[in-house]
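Report on the following structure.
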Amino acid sequence: MNVKEALFEDMKTAMRDKDIMRKELLQIVRAAILQVEKDQKIELDDAGAADIISKEYKKRAENLNELKDSGREDILEKNRAEMTILEKYLPKQLSEQEISDIVKSAIEQSGAVSARDMGKVMQIIMPQVKGKADGKLVNQIVKQQLG
């Protein structure tokens, strides 16, 4: 079962179980996927769907950072719960050590020697880590190793 099918089946289950938060979240994610497919006139594969789910996850993570000092525990708790639900549909995230190993390999492969060569290194890395690692973290590790 692919990601889109899993989302649909889980949404139906959430409807039957009257789990309103899960149902609404899955509807938002499905709508985002369908909108991209309609706009670009393509059929998204699991990687494309995971990319959209990752964006939804990041939105909630940013909300947590913005609202942590607001005292609005209800909103914070809702965001945490939604992030937990979305994690089920995301590929397993790479650890910093795994990313670091990929970066070392890409630096050797590209022959990069300074921060100027960062673009070459990132071109090699990003297809390998797409959806499995945060781009900011990858960027930071590349800078550390080239710096």
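Residue numbering restarts at 1 in every chain; chains get A, B, ... in the order shown in the structure tokens, and ligands count up from 1 in that same order.
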Shell around Glu87 of chain A at 12 Å using only C-alpha atoms, local window under 3 positions removed, as a ChimeraX atom specification = /A:50,53-58,60-61,80-84,90-93,131-132
Given the selection you just returned, output its residues as a file containing C-alpha atoms, formatted as a PDB file, in the first residue's frame.
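Ended up saving to again_36.pdb:
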ATOM      1  CA  ALA A  50       6.295  12.226   1.640  1.00  0.00           C
ATOM      2  CA  ILE A  53       3.755  15.416   4.421  1.00  0.00           C
ATOM      3  CA  SER A  54       7.199  16.629   5.473  1.00  0.00           C
ATOM      4  CA  LYS A  55       6.183  20.208   4.706  1.00  0.00           C
ATOM      5  CA  GLU A  56       3.062  19.822   6.848  1.00  0.00           C
ATOM      6  CA  TYR A  57       5.230  18.385   9.635  1.00  0.00           C
ATOM      7  CA  LYS A  58       7.657  21.329   9.388  1.00  0.00           C
ATOM      8  CA  ARG A  60       3.747  22.286  12.915  1.00  0.00           C
ATOM      9  CA  ALA A  61       7.321  22.194  14.193  1.00  0.00           C
ATOM     10  CA  ARG A  80       2.532  17.837  19.016  1.00  0.00           C
ATOM     11  CA  ALA A  81      -0.288  15.336  18.485  1.00  0.00           C
ATOM     12  CA  GLU A  82      -0.494  16.207  14.773  1.00  0.00           C
ATOM     13  CA  MET A  83       3.274  15.826  14.415  1.00  0.00           C
ATOM     14  CA  THR A  84       3.041  12.365  15.996  1.00  0.00           C
ATOM     15  CA  LEU A  90       7.307   9.943   6.845  1.00  0.00           C
ATOM     16  CA  PRO A  91      10.329   7.848   5.948  1.00  0.00           C
ATOM     17  CA  LYS A  92      12.698   7.067   8.815  1.00  0.00           C
ATOM     18  CA  GLN A  93      14.857  10.127   9.425  1.00  0.00           C
ATOM     19  CA  GLY A 131      12.611  13.369   2.747  1.00  0.00           C
ATOM     20  CA  LYS A 132      14.924  11.578   5.166  1.00  0.00           C
TER      21      LYS A 132
END
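When only C-alpha atoms are used to compute distances to Ala6 of chain A, the closest of the residues A:Ile102, A:Val29, A:Met122, A:Leu94 turns out to be A:Val29.
Candidate residues A:Glu9, A:Glu73, A:Glu43, A:Glu108 were compared for distance to Val121 of chain A, and the nearest is A:Glu108, using only C-alpha atoms.
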Near segment 33-37 of chain A, counting only C-alpha atoms, which residues have an atom at most 9 Å away, once you skip same-chain residues fewer than 5 positions from it, shown as a ChimeraX atom specification?
-> /A:4,28,42-44,48-49,52-53
How would the residues just chosen look if you wrote them out with N, CA and C atoms as a PDB file, in the first residue's frame?
ATOM      1  N   LYS A   4      -0.371   7.403  -0.286  1.00  0.00           N
ATOM      2  CA  LYS A   4      -1.687   8.014  -0.541  1.00  0.00           C
ATOM      3  C   LYS A   4      -2.817   7.062  -0.150  1.00  0.00           C
ATOM      4  N   ILE A  28      -6.463  17.407   5.423  1.00  0.00           N
ATOM      5  CA  ILE A  28      -5.584  18.511   5.022  1.00  0.00           C
ATOM      6  C   ILE A  28      -4.431  17.987   4.178  1.00  0.00           C
ATOM      7  N   ILE A  42       0.257  15.711 -12.578  1.00  0.00           N
ATOM      8  CA  ILE A  42       1.089  14.523 -12.401  1.00  0.00           C
ATOM      9  C   ILE A  42       0.456  13.612 -11.358  1.00  0.00           C
ATOM     10  N   GLU A  43       0.953  12.404 -11.276  1.00  0.00           N
ATOM     11  CA  GLU A  43       0.566  11.456 -10.242  1.00  0.00           C
ATOM     12  C   GLU A  43       1.776  11.337  -9.308  1.00  0.00           C
ATOM     13  N   LEU A  44       1.627  11.802  -8.070  1.00  0.00           N
ATOM     14  CA  LEU A  44       2.743  11.772  -7.131  1.00  0.00           C
ATOM     15  C   LEU A  44       3.044  10.348  -6.680  1.00  0.00           C
ATOM     16  N   GLY A  48       7.109  11.927  -3.513  1.00  0.00           N
ATOM     17  CA  GLY A  48       6.429  13.212  -3.662  1.00  0.00           C
ATOM     18  C   GLY A  48       5.415  13.448  -2.557  1.00  0.00           C
ATOM     19  N   ALA A  49       4.670  12.395  -2.216  1.00  0.00           N
ATOM     20  CA  ALA A  49       3.694  12.508  -1.131  1.00  0.00           C
ATOM     21  C   ALA A  49       4.413  12.741   0.193  1.00  0.00           C
ATOM     22  N   ILE A  52       5.365  16.364   0.671  1.00  0.00           N
ATOM     23  CA  ILE A  52       4.256  17.212   1.107  1.00  0.00           C
ATOM     24  C   ILE A  52       3.961  16.980   2.588  1.00  0.00           C
ATOM     25  N   ILE A  53       3.983  15.725   3.005  1.00  0.00           N
ATOM     26  CA  ILE A  53       3.755  15.416   4.421  1.00  0.00           C
ATOM     27  C   ILE A  53       4.854  16.042   5.274  1.00  0.00           C
TER      28      ILE A  53
END
